[in-house]
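Asker: Sharing protein.txt (compact mmCIF, C-alpha atoms and all ligand atoms) below.
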# COMPACT_ATOMS: atom_id res chain seq x y z
CA MET A 6 10.00 22.33 7.37
CA LYS A 7 7.04 20.66 5.64
CA LYS A 8 6.22 21.99 2.15
CA ASN A 9 3.16 21.04 0.08
CA PHE A 10 3.80 19.78 -3.44
CA LEU A 11 0.63 18.05 -4.68
CA ASN A 12 -3.09 18.62 -4.17
CA LEU A 13 -5.21 15.60 -5.15
CA GLY A 14 -8.44 17.30 -4.12
CA LYS A 15 -11.41 16.04 -2.16
CA GLN A 16 -11.03 12.31 -1.53
CA PRO A 17 -13.01 9.64 0.32
CA ILE A 18 -11.47 6.90 2.48
CA ALA A 19 -9.90 4.60 -0.14
CA ASN A 20 -11.25 1.37 1.34
CA SER A 21 -14.75 2.53 2.24
CA PHE A 22 -16.75 0.72 -0.42
CA LEU A 23 -20.42 1.64 -0.08
CA SER A 24 -23.06 -1.06 0.39
CA SER A 25 -25.72 1.21 -1.07
CA ILE A 26 -25.95 4.63 -2.66
CA SER A 27 -29.05 5.66 -0.76
CA LYS A 28 -29.34 9.32 0.24
CA LYS A 29 -28.43 8.40 3.82
CA SER A 30 -25.23 6.54 2.99
CA LEU A 31 -24.09 9.29 0.60
CA LYS A 32 -24.72 11.87 3.30
CA ASN A 33 -22.54 9.89 5.72
CA GLU A 34 -19.66 9.40 3.30
CA TYR A 35 -16.45 10.86 4.75
CA PHE A 36 -14.24 13.15 2.62
CA TYR A 37 -10.97 14.94 3.31
CA ARG A 38 -8.45 17.00 1.30
CA LEU A 39 -5.54 14.89 0.05
CA ILE A 40 -2.49 17.16 0.04
CA MET A 41 1.02 15.68 -0.11
CA CYS A 42 3.98 17.37 1.49
CA PHE A 43 7.75 16.98 1.75
CA ASP A 44 9.81 17.51 4.89
CA THR A 45 12.97 19.37 3.94
CA GLU A 46 14.78 18.18 7.09
CA ASN A 47 14.32 14.39 7.08
CA PHE A 48 13.15 14.03 3.40
CA LEU A 49 9.90 12.33 4.41
CA VAL A 50 6.88 12.51 2.08
CA SER A 51 3.54 12.45 3.89
CA VAL A 52 -0.18 13.21 3.74
CA LYS A 53 -0.62 16.72 5.15
CA ASN A 54 -3.69 15.97 7.29
CA PRO A 55 -3.91 12.26 8.11
CA VAL A 56 -7.34 10.70 8.65
CA ASN A 57 -8.16 9.25 12.08
CA PRO A 58 -7.14 5.52 11.95
CA LYS A 59 -10.33 4.58 13.83
CA ILE A 60 -12.32 5.60 10.73
CA GLN A 61 -10.01 3.63 8.42
CA TYR A 62 -9.33 0.30 10.14
CA THR A 63 -12.68 -1.10 11.12
CA ASP A 64 -14.33 -4.53 11.14
CA LYS A 65 -15.34 -3.85 7.51
CA TYR A 66 -11.76 -3.61 6.22
CA ALA A 67 -11.90 -5.12 2.73
CA HIS A 68 -8.30 -5.95 1.78
CA ARG A 69 -7.30 -9.65 1.95
CA ALA A 70 -3.60 -10.07 1.23
CA SER A 71 -4.12 -13.76 0.33
CA GLU A 72 -6.44 -12.84 -2.57
CA SER A 73 -3.56 -12.41 -4.98
CA LEU A 74 -1.34 -15.25 -6.10
CA THR A 75 1.53 -12.76 -6.52
CA MET A 76 1.30 -11.68 -2.87
CA LEU A 77 0.87 -15.26 -1.58
CA LYS A 78 4.13 -16.18 -3.29
CA ALA A 79 5.89 -12.96 -2.21
CA PHE A 80 5.09 -13.49 1.49
CA LYS A 81 6.06 -17.15 1.38
CA SER A 82 9.41 -16.29 -0.15
CA ALA A 83 9.98 -13.40 2.32
CA ALA A 84 9.27 -15.70 5.28
CA LYS A 85 11.71 -18.30 3.99
CA LYS A 86 14.48 -15.76 3.42
CA LEU A 87 14.06 -14.07 6.80
CA GLN A 88 13.93 -17.40 8.65
CA LYS A 89 17.18 -18.45 6.99
CA ARG A 90 19.00 -15.16 7.57
CA PHE A 91 17.94 -14.35 11.16
CA LYS A 92 16.76 -17.71 12.63
CA PRO A 93 14.29 -15.98 14.98
CA ARG A 94 12.97 -17.73 18.11
CA LYS A 95 9.92 -15.48 18.08
CA VAL A 96 8.32 -13.58 15.19
CA MET A 97 5.79 -10.79 15.52
CA GLU A 98 3.93 -9.11 12.69
CA ILE A 99 2.38 -5.66 12.97
CA GLY A 100 -0.62 -5.55 10.62
CA SER A 101 -0.93 -9.29 10.03
CA ASN A 102 -4.00 -9.04 7.75
CA ASP A 103 -5.29 -12.59 7.08
CA GLY A 104 -2.07 -14.28 8.23
CA VAL A 105 -0.57 -14.58 4.76
CA PHE A 106 3.02 -14.07 6.08
CA LEU A 107 2.85 -15.63 9.55
CA LYS A 108 1.31 -18.88 8.37
CA ASN A 109 4.74 -19.77 6.96
CA PHE A 110 6.22 -20.10 10.49
CA PRO A 111 5.53 -22.69 13.22
CA LYS A 112 2.39 -21.50 15.07
CA LYS A 113 4.05 -21.47 18.49
CA LYS A 114 6.66 -18.97 17.34
CA VAL A 115 4.31 -16.25 16.11
CA ILE A 116 2.43 -13.24 17.46
CA ALA A 117 -0.03 -11.37 15.25
CA VAL A 118 -1.12 -7.77 15.76
CA GLU A 119 -4.09 -6.67 13.66
CA PRO A 120 -6.53 -3.86 14.53
CA CYS A 121 -9.25 -4.84 12.01
CA LYS A 122 -11.45 -7.24 13.97
CA ASN A 123 -12.73 -9.10 10.88
CA LEU A 124 -9.13 -9.95 9.94
CA ALA A 125 -7.98 -10.71 13.50
CA ASN A 126 -10.88 -13.18 13.74
CA LEU A 127 -9.45 -15.06 10.75
CA THR A 128 -6.08 -15.65 12.44
CA LYS A 129 -6.96 -15.95 16.14
CA LYS A 130 -7.91 -19.61 15.78
CA LYS A 131 -4.55 -20.40 14.20
CA PHE A 132 -2.09 -18.36 16.30
CA LYS A 133 -1.83 -15.81 19.09
CA THR A 134 -3.50 -12.65 17.77
CA TYR A 135 -3.89 -9.25 19.41
CA PRO A 136 -6.87 -7.44 17.77
CA SER A 137 -5.45 -3.97 18.52
CA PHE A 138 -3.64 -0.98 17.10
CA TRP A 139 0.13 -1.03 17.58
CA ASN A 140 1.06 1.31 20.46
CA LYS A 141 3.04 1.58 23.71
CA LYS A 142 0.35 -0.09 25.81
CA LEU A 143 0.19 -3.14 23.57
CA SER A 144 3.98 -3.33 23.30
CA ASN A 145 4.24 -3.44 27.11
CA LYS A 146 1.51 -6.06 27.33
CA ILE A 147 3.13 -8.36 24.75
CA SER A 148 6.60 -7.86 26.18
CA LYS A 149 5.40 -8.92 29.67
CA LYS A 150 3.66 -12.01 28.33
CA HIS A 151 6.10 -13.25 25.68
CA SER A 152 9.36 -11.46 26.56
CA LYS A 153 11.42 -9.95 23.71
CA VAL A 154 10.99 -10.65 19.99
CA ASP A 155 13.84 -11.43 17.54
CA LEU A 156 12.06 -10.60 14.33
CA ILE A 157 9.39 -7.95 13.92
CA PHE A 158 7.91 -7.88 10.43
CA SER A 159 5.53 -5.28 9.06
CA SER A 160 4.46 -5.10 5.45
CA ASN A 161 2.49 -2.11 4.18
CA THR A 162 1.59 -1.06 7.71
CA ILE A 163 4.21 1.23 9.30
CA SER A 164 3.57 3.75 6.50
CA HIS A 165 -0.10 3.71 7.57
CA ILE A 166 0.47 4.77 11.20
CA PRO A 167 0.53 8.56 11.75
CA ASN A 168 2.46 8.50 15.05
CA LEU A 169 5.96 7.35 14.05
CA LYS A 170 7.43 8.29 17.43
CA GLU A 171 5.16 5.95 19.38
CA THR A 172 5.47 3.26 16.68
CA PHE A 173 9.26 3.08 16.74
CA GLU A 174 9.60 3.56 20.51
CA SER A 175 7.15 0.69 21.06
CA ILE A 176 9.12 -1.45 18.62
CA ASN A 177 12.42 -0.68 20.34
CA ASN A 178 10.76 -1.62 23.65
CA ILE A 179 9.98 -5.16 22.51
CA LEU A 180 12.87 -5.93 20.13
CA SER A 181 15.45 -8.34 21.57
CA ASP A 182 19.02 -7.03 21.84
CA ARG A 183 20.09 -8.57 18.55
CA GLY A 184 16.58 -8.42 17.11
CA VAL A 185 15.72 -7.10 13.65
CA LEU A 186 12.78 -5.04 12.47
CA VAL A 187 11.93 -5.68 8.81
CA ILE A 188 9.47 -3.34 7.13
CA GLU A 189 8.20 -3.27 3.56
CA ASP A 190 6.48 -0.33 1.96
CA PRO A 191 6.03 1.16 -1.53
CA SER A 192 9.18 3.04 -2.49
CA LEU A 193 9.12 6.75 -3.15
CA SER A 194 11.70 6.28 -5.87
CA SER A 195 9.39 3.93 -7.80
CA VAL A 196 6.37 6.21 -7.33
CA LEU A 197 8.28 9.02 -9.05
CA LYS A 198 9.80 6.78 -11.72
CA ILE A 199 6.55 5.10 -12.81
CA ASN A 200 4.22 8.00 -12.07
CA SER A 201 2.13 5.94 -9.63
CA TYR A 202 0.64 8.93 -7.86
CA ASP A 203 -2.22 6.63 -6.88
CA GLN A 204 0.08 5.31 -4.13
CA PHE A 205 -1.00 8.53 -2.41
CA TYR A 206 -4.21 7.86 -0.49
CA ASP A 207 -5.41 8.16 3.09
CA GLU A 208 -3.83 4.91 4.33
CA HIS A 209 -0.41 5.77 2.94
CA VAL A 210 0.26 8.51 5.46
CA TYR A 211 3.94 8.18 4.53
CA VAL A 212 5.74 7.11 1.37
CA PHE A 213 9.19 6.14 2.57
CA SER A 214 12.62 6.16 0.98
CA ALA A 215 15.89 4.75 2.36
CA LEU A 216 16.92 8.37 2.93
CA SER A 217 13.90 9.22 5.08
CA ILE A 218 13.81 5.93 7.01
CA SER A 219 17.50 6.18 7.90
CA ASN A 220 16.88 9.71 9.24
CA ILE A 221 13.74 8.83 11.18
CA VAL A 222 14.85 5.68 12.99
CA LYS A 223 17.95 7.46 14.30
CA ASN A 224 15.63 9.44 16.59
CA TYR A 225 14.54 6.25 18.37
CA GLN A 226 17.90 4.57 19.12
CA LEU A 227 17.56 2.42 16.01
CA LYS A 228 19.58 2.21 12.79
CA LEU A 229 18.93 1.15 9.22
CA PHE A 230 21.64 -1.34 8.22
CA ASP A 231 20.34 -2.89 5.00
CA VAL A 232 17.71 -2.37 2.33
CA GLU A 233 16.45 -4.56 -0.49
CA LYS A 234 14.49 -3.66 -3.61
CA ILE A 235 11.37 -5.83 -4.02
CA SER A 236 8.78 -5.84 -6.79
CA ASN A 237 5.63 -5.72 -4.60
CA HIS A 238 3.11 -2.98 -5.44
CA GLY A 239 5.02 -1.67 -8.42
CA GLY A 240 8.32 -1.33 -6.52
CA SER A 241 8.80 -1.44 -2.77
CA LEU A 242 11.73 -1.39 -0.38
CA ARG A 243 12.38 -3.88 2.41
CA TYR A 244 14.20 -2.10 5.26
CA PHE A 245 16.31 -3.91 7.86
CA ILE A 246 16.57 -2.04 11.16
CA THR A 247 18.22 -2.92 14.46
CA LYS A 248 19.19 -1.27 17.75
CA LYS A 249 21.76 1.48 17.38
CA LYS A 250 24.24 -0.23 19.69
CA ASN A 251 24.40 -3.37 17.49
CA SER A 252 27.48 -3.84 15.40
CA PHE A 253 25.53 -5.04 12.31
CA LYS A 254 27.48 -3.85 9.29
CA ILE A 255 25.94 -1.26 6.97
CA THR A 256 25.60 -3.16 3.68
CA SER A 257 26.98 -1.91 0.38
CA ARG A 258 23.53 -2.22 -1.22
CA LEU A 259 22.16 0.26 1.36
CA ASN A 260 24.88 2.78 0.45
CA LYS A 261 24.18 2.18 -3.23
CA ILE A 262 20.42 2.77 -2.88
CA ILE A 263 20.95 5.92 -0.77
CA ASN A 264 23.24 7.27 -3.50
CA GLU A 265 20.69 6.41 -6.21
CA GLU A 266 17.99 8.25 -4.25
CA LYS A 267 20.22 11.30 -3.89
CA ARG A 268 20.90 11.26 -7.64
CA GLN A 269 17.14 11.07 -8.26
CA GLY A 270 16.70 14.15 -6.06
CA LEU A 271 14.61 12.55 -3.31
CA ASN A 272 16.28 14.96 -0.87
CA ASN A 273 15.26 17.98 -2.91
CA PHE A 274 11.87 19.77 -2.90
CA ALA A 275 12.23 20.83 -6.57
CA THR A 276 11.97 17.15 -7.62
CA PHE A 277 8.50 16.94 -6.09
CA LYS A 278 7.23 20.15 -7.69
CA LYS A 279 8.31 18.70 -11.04
CA PHE A 280 6.55 15.43 -10.25
CA ALA A 281 3.30 17.29 -9.43
CA LYS A 282 3.31 18.75 -12.97
CA LYS A 283 3.67 15.24 -14.40
CA VAL A 284 0.70 14.07 -12.35
CA GLU A 285 -1.49 16.88 -13.69
CA LYS A 286 -0.52 15.93 -17.27
CA SER A 287 -1.29 12.25 -16.58
CA LYS A 288 -4.79 13.23 -15.46
CA GLN A 289 -5.40 15.28 -18.60
CA LYS A 290 -4.22 12.45 -20.85
CA LEU A 291 -6.29 9.78 -19.12
CA VAL A 292 -9.48 11.83 -19.24
CA ALA A 293 -8.81 12.71 -22.92
CA LEU A 294 -8.31 9.04 -23.84
CA LEU A 295 -11.47 7.91 -22.03
CA THR A 296 -13.47 10.75 -23.62
CA THR A 297 -12.31 9.74 -27.12
CA LEU A 298 -13.21 6.09 -26.50
CA LYS A 299 -16.62 7.00 -25.11
CA LYS A 300 -17.32 9.11 -28.21
CA LYS A 301 -16.65 5.98 -30.24
CA ASN A 302 -19.24 4.15 -28.10
CA LYS A 303 -16.71 1.78 -26.61
CA LYS A 304 -17.60 -0.08 -23.43
CA ILE A 305 -14.98 0.64 -20.77
CA ILE A 306 -14.77 -0.98 -17.37
CA SER A 307 -12.17 -0.96 -14.63
CA TYR A 308 -10.28 -4.11 -13.60
CA GLY A 309 -9.66 -4.43 -9.84
CA ALA A 310 -11.44 -2.24 -7.26
CA THR A 311 -8.17 -1.14 -5.71
CA TYR A 312 -7.61 1.52 -3.08
CA LYS A 313 -5.24 3.16 -5.53
CA SER A 314 -8.09 3.58 -8.05
CA THR A 315 -9.96 5.65 -5.47
CA THR A 316 -7.29 8.34 -5.81
CA VAL A 317 -7.34 8.22 -9.62
CA PHE A 318 -11.15 8.19 -9.98
CA ASN A 319 -11.70 11.04 -7.53
CA TYR A 320 -8.78 13.17 -8.73
CA CYS A 321 -9.69 12.72 -12.41
CA LYS A 322 -13.46 12.78 -11.69
CA ILE A 323 -14.04 9.45 -13.39
CA ASP A 324 -17.51 8.14 -12.61
CA ASN A 325 -19.92 5.68 -14.24
CA LYS A 326 -20.30 7.94 -17.26
CA PHE A 327 -16.86 6.64 -18.23
CA PHE A 328 -16.79 3.20 -16.61
CA HIS A 329 -19.84 0.93 -16.77
CA TYR A 330 -18.60 -0.88 -13.66
CA VAL A 331 -15.53 -2.25 -11.91
CA THR A 332 -14.78 -5.97 -11.62
CA ASP A 333 -13.05 -7.47 -8.60
CA THR A 334 -12.39 -11.00 -7.37
CA THR A 335 -12.81 -10.06 -3.68
CA LYS A 336 -16.22 -11.30 -2.50
CA ASN A 337 -16.78 -8.53 0.03
CA LYS A 338 -16.21 -5.79 -2.57
CA GLN A 339 -18.71 -7.30 -5.05
CA GLY A 340 -22.19 -5.74 -5.07
CA LYS A 341 -20.79 -2.55 -3.51
CA PHE A 342 -19.89 0.87 -4.97
CA THR A 343 -16.51 2.57 -5.25
CA PRO A 344 -15.77 5.33 -2.70
CA GLY A 345 -16.58 8.85 -3.85
CA MET A 346 -17.43 8.10 -7.48
CA HIS A 347 -19.95 5.32 -6.71
CA ILE A 348 -19.23 3.01 -9.64
CA PRO A 349 -20.83 -0.44 -9.13
CA ILE A 350 -18.50 -3.39 -8.46
CA LEU A 351 -19.25 -6.79 -10.05
CA SER A 352 -17.56 -10.17 -9.92
CA PRO A 353 -15.39 -10.91 -12.98
CA GLU A 354 -17.76 -13.80 -13.78
CA LYS A 355 -20.60 -11.32 -14.19
CA GLY A 356 -18.74 -8.37 -15.66
CA PHE A 357 -15.62 -9.43 -17.51
CA ASN A 358 -17.29 -10.73 -20.66
CA GLU A 359 -17.53 -10.38 -24.45
CA SER A 360 -19.18 -6.96 -24.21
CA VAL A 361 -16.08 -5.27 -22.76
CA ASP A 362 -13.88 -3.29 -25.20
CA TYR A 363 -11.46 -1.63 -22.76
CA ALA A 364 -10.52 -2.37 -19.16
CA TYR A 365 -8.65 0.22 -17.09
CA LEU A 366 -6.02 -1.57 -15.00
CA GLY A 367 -6.88 -0.44 -11.47
CA ALA A 368 -4.72 -3.33 -10.23
CA TRP A 369 -1.74 -2.33 -12.42
CA ASN A 370 0.60 -3.70 -9.75
CA PHE A 371 -0.60 -7.20 -10.73
CA LYS A 372 -0.20 -6.56 -14.46
CA LYS A 373 1.85 -9.69 -15.11
CA GLU A 374 -0.58 -11.97 -13.28
CA ILE A 375 -3.55 -10.36 -15.03
CA MET A 376 -2.02 -10.46 -18.56
CA ASN A 377 -1.38 -14.18 -18.05
CA LYS A 378 -4.90 -14.78 -16.86
CA GLU A 379 -6.63 -12.72 -19.55
CA LYS A 380 -4.90 -13.97 -22.70
CA ASP A 381 -8.26 -14.82 -24.30
CA TYR A 382 -9.57 -11.30 -23.72
CA LEU A 383 -6.52 -9.83 -25.46
CA LYS A 384 -6.75 -12.39 -28.25
CA ARG A 385 -10.33 -11.46 -29.07
CA GLY A 386 -9.32 -7.79 -29.33
CA GLY A 387 -10.02 -6.64 -25.77
CA ARG A 388 -7.64 -3.90 -24.59
CA PHE A 389 -6.32 -2.68 -21.27
CA ILE A 390 -5.70 0.96 -20.35
CA THR A 391 -3.13 2.03 -17.80
CA HIS A 392 -1.66 5.27 -16.48
CA VAL A 393 1.56 3.55 -15.27
CA PRO A 394 4.23 4.52 -16.22
CA ARG A 395 2.29 6.71 -18.68
CA VAL A 396 -1.24 6.76 -20.06
CA LYS A 397 -1.48 4.14 -22.80
CA ILE A 398 -3.47 1.27 -24.30
CA ILE A 399 -2.07 -2.24 -23.82
CA LYS A 400 -2.69 -4.64 -26.69
P1 LIG X 501 -4.43 -4.10 -4.04
O1 LIG X 501 -3.62 -3.56 -5.15
O2 LIG X 501 -4.89 -3.04 -3.08
O3 LIG X 501 -3.80 -5.28 -3.36
O4 LIG X 501 -5.82 -4.64 -4.63
C1 LIG X 501 -5.89 -5.46 -5.72
C2 LIG X 501 -7.37 -5.72 -5.99
O5 LIG X 501 -7.48 -6.24 -7.31
C3 LIG X 501 -7.99 -6.74 -5.06
O6 LIG X 501 -9.25 -6.25 -4.61
C4 LIG X 501 -8.19 -7.96 -5.91
C5 LIG X 501 -8.29 -7.39 -7.30
N1 LIG X 501 -7.82 -8.29 -8.34
C6 LIG X 501 -8.73 -8.73 -9.30
O7 LIG X 501 -9.90 -8.38 -9.28
N2 LIG X 501 -8.26 -9.59 -10.27
C7 LIG X 501 -6.97 -10.03 -10.31
O8 LIG X 501 -6.62 -10.82 -11.20
C8 LIG X 501 -6.05 -9.54 -9.31
C9 LIG X 501 -4.62 -9.96 -9.35
C10 LIG X 501 -6.52 -8.67 -8.36
Starting from the file, give its structure as structure tokens.
Ligand code: TMP

Answerer:
Amino acid sequence: MKKNFLNLGKQPIANSFLSSISKKSLKNEYFYRLIMCFDTENFLVSVKNPVNPKIQYTDKYAHRASESLTMLKAFKSAAKKLQKRFKPRKVMEIGSNDGVFLKNFPKKKVIAVEPCKNLANLTKKKFKTYPSFWNKKLSNKISKKHSKVDLIFSSNTISHIPNLKETFESINNILSDRGVLVIEDPSLSSVLKINSYDQFYDEHVYVFSALSISNIVKNYQLKLFDVEKISNHGGSLRYFITKKKNSFKITSRLNKIINEEKRQGLNNFATFKKFAKKVEKSKQKLVALLTTLKKKNKKIISYGATYKSTTVFNYCKIDNKFFHYVTDTTKNKQGKFTPGMHIPILSPEKGFNESVDYAYLGAWNFKKEIMNKEKDYLKRGGRFITHVPRVKIIK
């Protein structure tokens, strides 16, 4: 049974940055109610009413995985490790973005699947790319053309697809007999530990745990045999899945992580009700801090126009009365406005200057990279604000 535990209110599509704030574009802005629920049978956390993917993944999709040095390094290292461990003859990625992972393999070995046409156009010149959503039809088409695949990789994508049944059945259909499916997604355990409720937004239809993944894949003749903790996006899990009939040994680290999750209560609804109270408190503290700083006439901006910030801004009702603007290094976000709260987005060259007193860390998941880059800002007395793991000022 699915039970609601958190209501984050009226929210826009997290990646729908507005080109203008004319009356017409505001009238067309899409909103939905972001309610999170917990399934008491398989322990899966999900968005109650998922948005239609055709509205989310368009040719305007803004995220470029290669934009961050941290992610460039993470994907390179993942590719190297997986190549060494599984020695795949053919690698397919579901949700290949700008090719940041696949470019680490020989071109002839790889198949990219990416529904956002602007991103698929970036990789189609380099390797075989299917500009489509992942589904049964595409799985049949690829399987006929390229036969079976030994390694299917999918980072921050499976959690975005509402229809898990079709997703996993289509994967099973194309996976070679000894093939491995490797998926990476933000971990539910970390979300609860570091209070990153902003991992809840329209694209994250599901926030997985080892407990829920092991329950779900069982329904599709698959089994989870290993899991690895990785630091991406403030704490993610990398799941290793194969066909049920394979004799791959269940690793001790999988058993260990499942036990940790049970101890944390990720199989218990009461844990999520408690978490919802923490989220409400975090909102009150953040708004109180920003209000105090504004009263002191401090100039506050936000650093990184992330999808996660869309949840925080709209839930806490933070608009340009609090933040002068948001800075972001991504060219196609600059000059636009944040979804729902309509705060202008500037390049760091224009906006991250001497006049800034406080910068809210929208991109808190890149804190290390940012602190290294912005040493001069901190030295001259500039401060960061974060809500992760609790609302505080970083000196
Ligand atoms: P993400 O968390 O959804 O990957 O988005 C991170 C955003 O933060 C992305 O738009 C790029 C931006 N960003 C900066 O503006 N400056 C930085 O130093 C870093 C690391 C990211």

Asker: Name all residues at most 7 Å from segment 357-373 of chain A (count only C-alpha atoms; drop same-chain ones fewer than 2 positions away) and give them as a PyMOL selection string.

Answerer: chain A and resi 238-239+303-311+314+332+353-355+375-377+387-391

Asker: Which is closest to Leu295 of chain A among A:Lys223, A:Lys322, A:Lys86, A:Lys341, if we use all atoms listed in the file?

Answerer: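 Distance minimum relative to Leu295 of chain A lands on A:Lys322.
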
Asker: May I have the protein, DNA and RNA residues with any atom at most 8 Å from the point (1.0, 10.2, -10.5), counting all atoms listed in the file, written as a count of residues only?

Answerer: 13

Asker: Restricting the calculation to only C-alpha atoms and all ligand atoms: of A:Gln204, A:Thr256, A:Gln61, A:Asn54, which residue gets closest to ligand LIG 501 (chain X)?

Answerer: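 Between A:Gln204, A:Thr256, A:Gln61, A:Asn54, the residue approaching ligand LIG 501 (chain X) most closely is A:Gln204.
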
Asker: Kindly indicate which residue among A:Tyr206, A:Val331, A:Lys133, A:Ile398 lies nearest to Leu298 of chain A, using all atoms listed in the file for the distances.

Answerer: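 Nearest to Leu298 of chain A: A:Ile398.
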
Asker: Considering all atoms listed in the file, state which residue in the set A:Lys249, A:His347, A:Lys8, A:Lys313 is at the smallest distance from ligand LIG 501 (chain X).

Answerer: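 Among A:Lys249, A:His347, A:Lys8, A:Lys313, it is A:Lys313 that comes nearest to ligand LIG 501 (chain X).
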
Asker: Work out how far atom CA of Cys42 of chain A is from atom CA of Gly345 of chain A, in Å to one decimal.

Answerer: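 Going from atom CA of Gly345 of chain A over to atom CA of Cys42 of chain A covers 22.9 Å.
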
Asker: Report the distance between atom CA of Glu208 of chain A and atom CA of Ile116 of chain A in Å, rounded to one decimal place.

Answerer: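 Those two atoms sit 23.3 Å apart.
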
Asker: What box, with edges along x, y and z, holds each listed atom of segment 234-245 of chain A when 6 Å is added on every side, and can you state its centre and edge lengths in Å to one decimal, as AutoDock Vina command-line options?

Answerer:
--center_x 9.7 --center_y -3.6 --center_z -0.3 --size_x 25.2 --size_y 16.5 --size_z 28.3

Asker: Record the distance separating atom CA of Asn260 of chain A and atom CA of Asn220 of chain A, expressed in Å with one decimal.

Answerer: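 About the pair atom CA of Asn260 of chain A and atom CA of Asn220 of chain A: they are 13.8 Å apart.
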
Asker: A:Thr75, A:Ser137, A:Ser51, A:Thr172: which is nearest ligand LIG 501 (chain X), counting all atoms listed in the file?

Answerer: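 Using all atoms listed in the file, ligand LIG 501 (chain X) sits closest to A:Thr75.
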
Asker: Using all atoms listed in the file, can you tell me which of A:Ser71, A:Ser175, A:Asn145, A:Ser159 comes closest to Arg243 of chain A?

Answerer: A:Ser159
